[in-house]
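Data file: my_file.cif. Format and content: mmCIF, C-alpha atoms.
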data_model
#
loop_
_atom_site.label_atom_id
_atom_site.label_comp_id
_atom_site.auth_asym_id
_atom_site.auth_seq_id
_atom_site.Cartn_x
_atom_site.Cartn_y
_atom_site.Cartn_z
CA MET A 93 4.92 -11.95 4.15
CA LYS A 94 5.79 -15.20 5.91
CA LEU A 95 4.09 -14.08 9.12
CA HIS A 96 0.40 -14.89 9.38
CA ALA A 97 -0.35 -13.49 12.84
CA PRO A 98 1.16 -10.82 15.10
CA VAL A 99 4.46 -11.99 16.60
CA THR A 100 6.88 -10.09 18.79
CA GLY A 101 9.12 -7.95 16.60
CA GLY A 102 6.93 -8.23 13.52
CA PRO A 103 4.42 -5.83 12.00
CA CYS A 104 1.09 -6.20 13.77
CA TRP A 105 -1.03 -3.28 12.60
CA THR A 106 -1.22 -0.37 10.19
CA GLU A 107 -3.23 2.80 10.55
CA LEU A 108 -3.99 5.81 8.41
CA GLY A 109 -3.92 9.37 9.66
CA THR A 110 -6.16 11.30 7.26
CA SER A 111 -7.55 14.79 6.71
CA ASP A 112 -10.99 13.44 5.69
CA LEU A 113 -12.06 10.35 7.61
CA GLU A 114 -15.39 9.85 5.84
CA ALA A 115 -13.88 10.18 2.37
CA ALA A 116 -11.07 7.78 3.30
CA GLN A 117 -13.60 5.21 4.52
CA ARG A 118 -15.45 5.40 1.20
CA PHE A 119 -12.25 5.06 -0.83
CA TYR A 120 -10.87 2.04 1.01
CA ALA A 121 -14.25 0.34 1.23
CA ARG A 122 -14.45 0.51 -2.54
CA LEU A 123 -10.83 -0.55 -3.06
CA PHE A 124 -10.50 -3.32 -0.46
CA GLY A 125 -14.07 -4.10 0.58
CA TRP A 126 -13.45 -2.88 4.12
CA ARG A 127 -16.27 -2.49 6.61
CA CYS A 128 -15.44 0.40 8.92
CA GLU A 129 -16.60 0.90 12.51
CA THR A 130 -15.81 4.10 14.42
CA ASP A 131 -15.20 3.82 18.16
CA PRO A 132 -18.10 5.78 19.71
CA ARG A 133 -16.17 6.85 22.81
CA GLN A 134 -15.34 10.56 22.73
CA GLU A 135 -11.86 9.92 24.09
CA ALA A 136 -11.19 7.61 21.11
CA GLY A 137 -11.15 10.69 18.89
CA GLY A 138 -12.86 9.10 15.89
CA TYR A 139 -10.55 6.10 15.70
CA THR A 140 -12.06 3.74 13.13
CA ILE A 141 -11.34 0.03 12.68
CA ALA A 142 -11.55 -1.49 9.20
CA HIS A 143 -12.68 -5.11 8.98
CA LEU A 144 -12.68 -7.89 6.43
CA GLY A 145 -15.59 -10.01 7.58
CA ASP A 146 -15.18 -10.04 11.35
CA ALA A 147 -11.39 -9.65 11.30
CA PRO A 148 -9.80 -6.25 12.04
CA VAL A 149 -7.23 -5.43 9.37
CA ALA A 150 -6.33 -1.72 9.69
CA ALA A 151 -7.40 1.58 11.21
CA LEU A 152 -8.28 5.02 9.93
CA ALA A 153 -8.18 8.08 12.15
CA PRO A 154 -8.33 11.87 11.95
CA LEU A 155 -5.15 13.88 12.27
CA TYR A 156 -4.60 14.51 15.98
CA GLN A 157 -1.88 17.17 15.65
CA GLU A 158 -1.33 20.03 13.20
CA THR A 159 2.13 18.71 12.35
CA GLN A 160 0.92 15.15 11.68
CA PRO A 161 1.17 14.27 8.00
CA VAL A 162 -1.51 12.45 6.05
CA ALA A 163 0.12 9.03 5.90
CA TRP A 164 -0.08 5.33 6.62
CA ASN A 165 1.83 4.20 9.71
CA VAL A 166 3.14 0.75 10.63
CA SER A 167 3.12 -0.71 14.16
CA PHE A 168 5.48 -3.43 15.37
CA ALA A 169 4.60 -5.79 18.21
CA VAL A 170 6.78 -5.62 21.33
CA ALA A 171 6.68 -7.41 24.67
CA ASP A 172 7.49 -4.25 26.66
CA ALA A 173 6.78 -0.84 25.11
CA ASP A 174 8.66 1.08 27.80
CA ALA A 175 11.81 -1.01 27.52
CA THR A 176 11.72 -0.89 23.72
CA ALA A 177 11.21 2.89 23.76
CA ARG A 178 14.36 3.23 25.85
CA LEU A 179 16.21 0.97 23.43
CA VAL A 180 15.03 3.12 20.49
CA GLN A 181 16.64 6.15 22.12
CA GLU A 182 19.83 4.32 23.06
CA ALA A 183 20.16 3.10 19.45
CA GLY A 184 19.94 6.64 18.03
CA GLY A 185 16.22 7.00 17.41
CA ALA A 186 13.69 9.29 19.07
CA VAL A 187 10.38 8.86 20.87
CA LEU A 188 7.70 11.30 19.70
CA LEU A 189 4.75 10.06 21.76
CA GLY A 190 4.29 7.73 24.71
CA PRO A 191 4.62 5.17 26.05
CA MET A 192 0.91 5.49 26.75
CA ASP A 193 -1.98 3.18 27.51
CA VAL A 194 -4.81 2.92 24.98
CA PHE A 195 -7.79 1.96 27.14
CA ASP A 196 -7.28 -1.71 28.05
CA LEU A 197 -6.21 -2.56 24.51
CA GLY A 198 -2.45 -2.11 24.79
CA ARG A 199 0.46 0.27 25.24
CA PHE A 200 1.57 2.52 22.40
CA VAL A 201 4.64 4.47 21.27
CA VAL A 202 5.36 6.63 18.20
CA ALA A 203 9.06 6.76 17.34
CA LEU A 204 11.54 7.86 14.69
CA ASP A 205 14.49 5.87 13.45
CA PRO A 206 17.86 7.66 13.08
CA GLY A 207 17.07 8.50 9.43
CA GLY A 208 13.76 10.13 10.32
CA ALA A 209 11.28 7.38 9.37
CA ALA A 210 8.33 7.16 11.77
CA PHE A 211 7.07 3.86 13.14
CA GLN A 212 5.01 2.65 16.08
CA LEU A 213 5.37 0.16 18.91
CA TRP A 214 2.43 -1.85 20.21
CA GLN A 215 2.45 -3.85 23.43
CA ALA A 216 -0.74 -5.87 23.19
CA ARG A 217 -3.17 -6.42 26.01
CA GLU A 218 -6.76 -6.96 24.86
CA PHE A 219 -5.98 -6.16 21.21
CA PRO A 220 -3.16 -8.13 19.53
CA GLY A 221 -3.36 -6.44 16.13
CA ALA A 222 -4.62 -7.47 12.71
CA GLY A 223 -6.73 -10.60 12.60
CA VAL A 224 -5.57 -11.60 9.13
CA PHE A 225 -2.49 -11.01 6.98
CA ASN A 226 -1.67 -11.72 3.33
CA ALA A 227 -5.29 -12.21 2.22
CA PRO A 228 -6.78 -9.74 -0.31
CA GLY A 229 -7.53 -6.49 1.49
CA SER A 230 -5.12 -7.09 4.38
CA LEU A 231 -1.53 -6.14 5.18
CA GLY A 232 0.93 -8.29 3.26
CA TRP A 233 4.32 -6.53 3.35
CA VAL A 234 6.06 -3.46 4.81
CA GLU A 235 8.89 -1.52 3.22
CA LEU A 236 11.33 0.97 4.70
CA MET A 237 12.33 3.83 2.42
CA THR A 238 15.54 5.33 3.78
CA ARG A 239 18.53 7.40 2.74
CA GLU A 240 20.77 5.70 5.33
CA PRO A 241 20.43 1.94 4.81
CA GLU A 242 23.46 0.83 6.83
CA ARG A 243 22.44 2.95 9.79
CA ALA A 244 18.86 1.69 9.48
CA GLU A 245 20.00 -1.92 9.47
CA ARG A 246 22.06 -1.41 12.64
CA PHE A 247 19.17 0.37 14.34
CA TYR A 248 16.38 -2.10 13.60
CA THR A 249 18.43 -5.21 14.25
CA THR A 250 19.45 -3.69 17.60
CA VAL A 251 15.93 -2.65 18.61
CA PHE A 252 13.94 -5.64 17.33
CA GLY A 253 16.52 -8.36 16.72
CA TRP A 254 15.40 -8.71 13.11
CA THR A 255 17.14 -11.03 10.72
CA VAL A 256 18.28 -9.50 7.43
CA ARG A 257 18.34 -11.33 4.11
CA PRO A 258 21.19 -9.49 2.37
CA SER A 259 20.81 -8.10 -1.13
CA GLU A 260 22.58 -5.37 -3.04
CA HIS A 261 19.28 -3.87 -4.14
CA TYR A 262 16.62 -5.06 -1.72
CA PRO A 263 17.57 -6.43 1.72
CA GLN A 264 14.64 -8.12 3.48
CA TRP A 265 13.65 -7.92 7.13
CA GLY A 266 12.54 -11.00 9.06
CA VAL A 267 11.71 -12.42 12.47
CA ASP A 268 13.84 -15.54 12.91
CA GLY A 269 14.17 -15.73 9.14
CA ALA A 270 10.44 -15.30 8.39
CA ASP A 271 10.56 -12.30 6.06
CA PHE A 272 7.90 -9.62 6.40
CA GLY A 273 9.37 -6.61 4.61
CA GLY A 274 12.22 -4.98 2.77
CA MET A 275 14.34 -1.86 2.48
CA ILE A 276 14.81 0.53 -0.42
CA THR A 277 17.58 3.12 -0.51
CA MET A 278 16.21 6.51 -1.53
CA ASP A 279 18.57 7.77 -4.22
CA ASP A 280 18.48 10.87 -6.41
CA LYS A 281 15.30 9.63 -8.12
CA PHE A 282 13.39 10.42 -4.95
CA PRO A 283 12.48 14.10 -4.56
CA HIS A 284 14.35 15.71 -1.68
CA GLU A 285 11.09 16.72 -0.01
CA VAL A 286 9.95 13.08 0.31
CA PRO A 287 10.96 12.03 3.83
CA PRO A 288 12.12 8.55 4.83
CA HIS A 289 9.10 6.44 5.72
CA TRP A 290 7.56 3.00 6.17
CA LEU A 291 5.26 1.97 3.32
CA PRO A 292 2.60 -0.70 3.91
CA TYR A 293 1.61 -3.01 1.06
CA PHE A 294 -1.84 -4.57 1.00
CA ALA A 295 -2.48 -7.89 -0.71
CA VAL A 296 -4.99 -7.83 -3.57
CA ALA A 297 -6.33 -10.45 -5.96
CA ASP A 298 -5.47 -8.36 -9.05
CA VAL A 299 -2.97 -5.50 -8.96
CA ASP A 300 -4.01 -4.03 -12.31
CA ALA A 301 -7.70 -4.05 -11.41
CA SER A 302 -6.94 -2.48 -8.02
CA ALA A 303 -4.95 0.32 -9.65
CA ALA A 304 -7.87 1.01 -11.97
CA THR A 305 -10.35 0.98 -9.08
CA ALA A 306 -8.17 3.39 -7.08
CA THR A 307 -8.10 5.80 -10.03
CA ASP A 308 -11.86 5.56 -10.52
CA ALA A 309 -12.34 6.29 -6.80
CA GLY A 310 -10.28 9.49 -6.98
CA GLY A 311 -6.84 8.14 -6.16
CA THR A 312 -3.60 8.26 -8.15
CA VAL A 313 -1.27 5.58 -9.48
CA LEU A 314 2.28 6.62 -8.54
CA MET A 315 3.95 3.47 -9.83
CA GLU A 316 2.15 1.56 -12.55
CA PRO A 317 1.53 -2.16 -12.00
CA THR A 318 4.91 -3.87 -12.42
CA SER A 319 6.13 -7.43 -12.16
CA VAL A 320 9.36 -7.47 -10.17
CA PRO A 321 11.88 -9.98 -11.62
CA GLU A 322 11.64 -13.14 -9.51
CA GLY A 323 9.28 -11.21 -7.25
CA PRO A 324 5.72 -9.96 -6.89
CA ARG A 325 3.48 -7.88 -9.10
CA ILE A 326 3.12 -4.54 -7.35
CA ALA A 327 1.85 -0.98 -7.71
CA VAL A 328 2.15 2.12 -5.54
CA LEU A 329 -0.99 4.20 -5.10
CA ARG A 330 -2.02 7.46 -3.45
CA ASP A 331 -5.46 7.98 -1.96
CA PRO A 332 -7.49 11.17 -2.54
CA GLN A 333 -6.11 12.74 0.67
CA ALA A 334 -2.51 12.02 -0.48
CA ALA A 335 -1.62 9.00 1.70
CA VAL A 336 0.69 6.61 -0.18
CA PHE A 337 0.52 2.82 0.03
CA GLY A 338 1.39 -0.20 -2.07
CA VAL A 339 -0.52 -3.22 -3.32
CA HIS A 340 0.83 -6.61 -4.30
CA ARG A 341 -0.74 -9.73 -5.70
CA ALA A 342 -1.84 -12.01 -2.87
CA GLY A 343 0.51 -14.93 -2.47
CA ASP A 344 3.46 -13.31 -4.24
CA HIS A 345 5.33 -12.50 -1.01
CA ALA A 346 4.40 -15.66 0.87
#
Please re-express this file's structure in structure tokens.
Amino acid sequence: MKLHAPVTGGPCWTELGTSDLEAAQRFYARLFGWRCETDPRQEAGGYTIAHLGDAPVAALAPLYQETQPVAWNVSFAVADADATARLVQEAGGAVLLGPMDVFDLGRFVVALDPGGAAFQLWQAREFPGAGVFNAPGSLGWVELMTREPERAERFYTTVFGWTVRPSEHYPQWGVDGADFGGMITMDDKFPHEVPPHWLPYFAVADVDASAATATDAGGTVLMEPTSVPEGPRIAVLRDPQAAVFGVHRAGDHA
């Protein structure tokens, strides 16, 4: 990812909704070396910040609604959450939650794109987002899995003004040409029950070692470590509660 700090329009945060918060903390601490701190305020609902050193890198939280899936979610930084939420709806998406204030930290929205992939908007106040990107254990790339790529491209370029690096197989999203993610078209190889979604990739020093560690810690390797031609070495993993995420070798996407 060519972004190294939260910028308007770019990914600024990722958070896990999980069915077992304590088990998830143990798994990711072992995999990424995260130090987790749970917000003690009752109204925070168990929201837990994962740190590398002193830098916040991600969050883990219980499921707040019965219909909420166990999954990683990606937040994009916006200057005005209310205006962007309206634009999401005008462009064919839907707003599921918000806009709402989160203490004095920022303003938050959960939305769906026209293909059904969930994503989040974050208007920063006291909390800008992740304190580090691209380093081992931190967010390094985000990927949209969609069955409607042309519609998705129109939607996201309208809502966020993203640039698109065209490719027959893997278009890449950017902010003013600084690429931060890509798009995969879900074809017949993807089971019908797998919904469109955003997939975060975390940078790691060694993809193969991380896949082995995830397995030892009770996770599953969904896509074995693979070197993409002229691209990164990657793997796709699933944690013990069934949340899916990717890992890539640090520096490969920079």
Translate the PyMOL selection byres ((chain A and resi 248-255) around 7), as applied to the file shown, into an explicit residue set as a PyMOL selection string.
-> chain A and resi 101+176+179-180+244-247+256-257+265-269
Starting from 3 Å padding per side, set up an axis-aligned box that covers all listed atoms of range 267-283 of chain A and hand over centre and edge lengths in Å, one decimal, as lines of an AutoDock Vina configuration file.
center_x = 13.2
center_y = -0.8
center_z = 2.4
size_x = 16.7
size_y = 35.8
size_z = 27.0
Using the chain letters and numbering of this document, enumerate as an NGL selection string the residues selected by the PyMOL selection byres ((chain A and resi 235-237) around 7).
-> :A and (233-234 or 238 or 273-278 or 288-292)
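CA of Val162 in chain A is found 5.6 Å from CA of Ala335 in chain A.
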Apply the PyMOL selection byres ((chain A and resi 300-307) around 10) to the structure shown and report the selected residues as number ranges by chain.
-> A: 119-120, 122-124, 296-299, 308-318, 325-332, 338-341
CA of Leu113 in chain A to CA of Leu231 in chain A, straight-line distance in Å |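 One can read the CA of Leu231 in chain A to CA of Leu113 in chain A distance as 19.7 Å.
Using all atoms listed in the file, the shortest contact distance between Gly184 in chain A and any of A:Arg243, A:Arg199, A:Arg133, A:Arg217 is found at A:Arg243.
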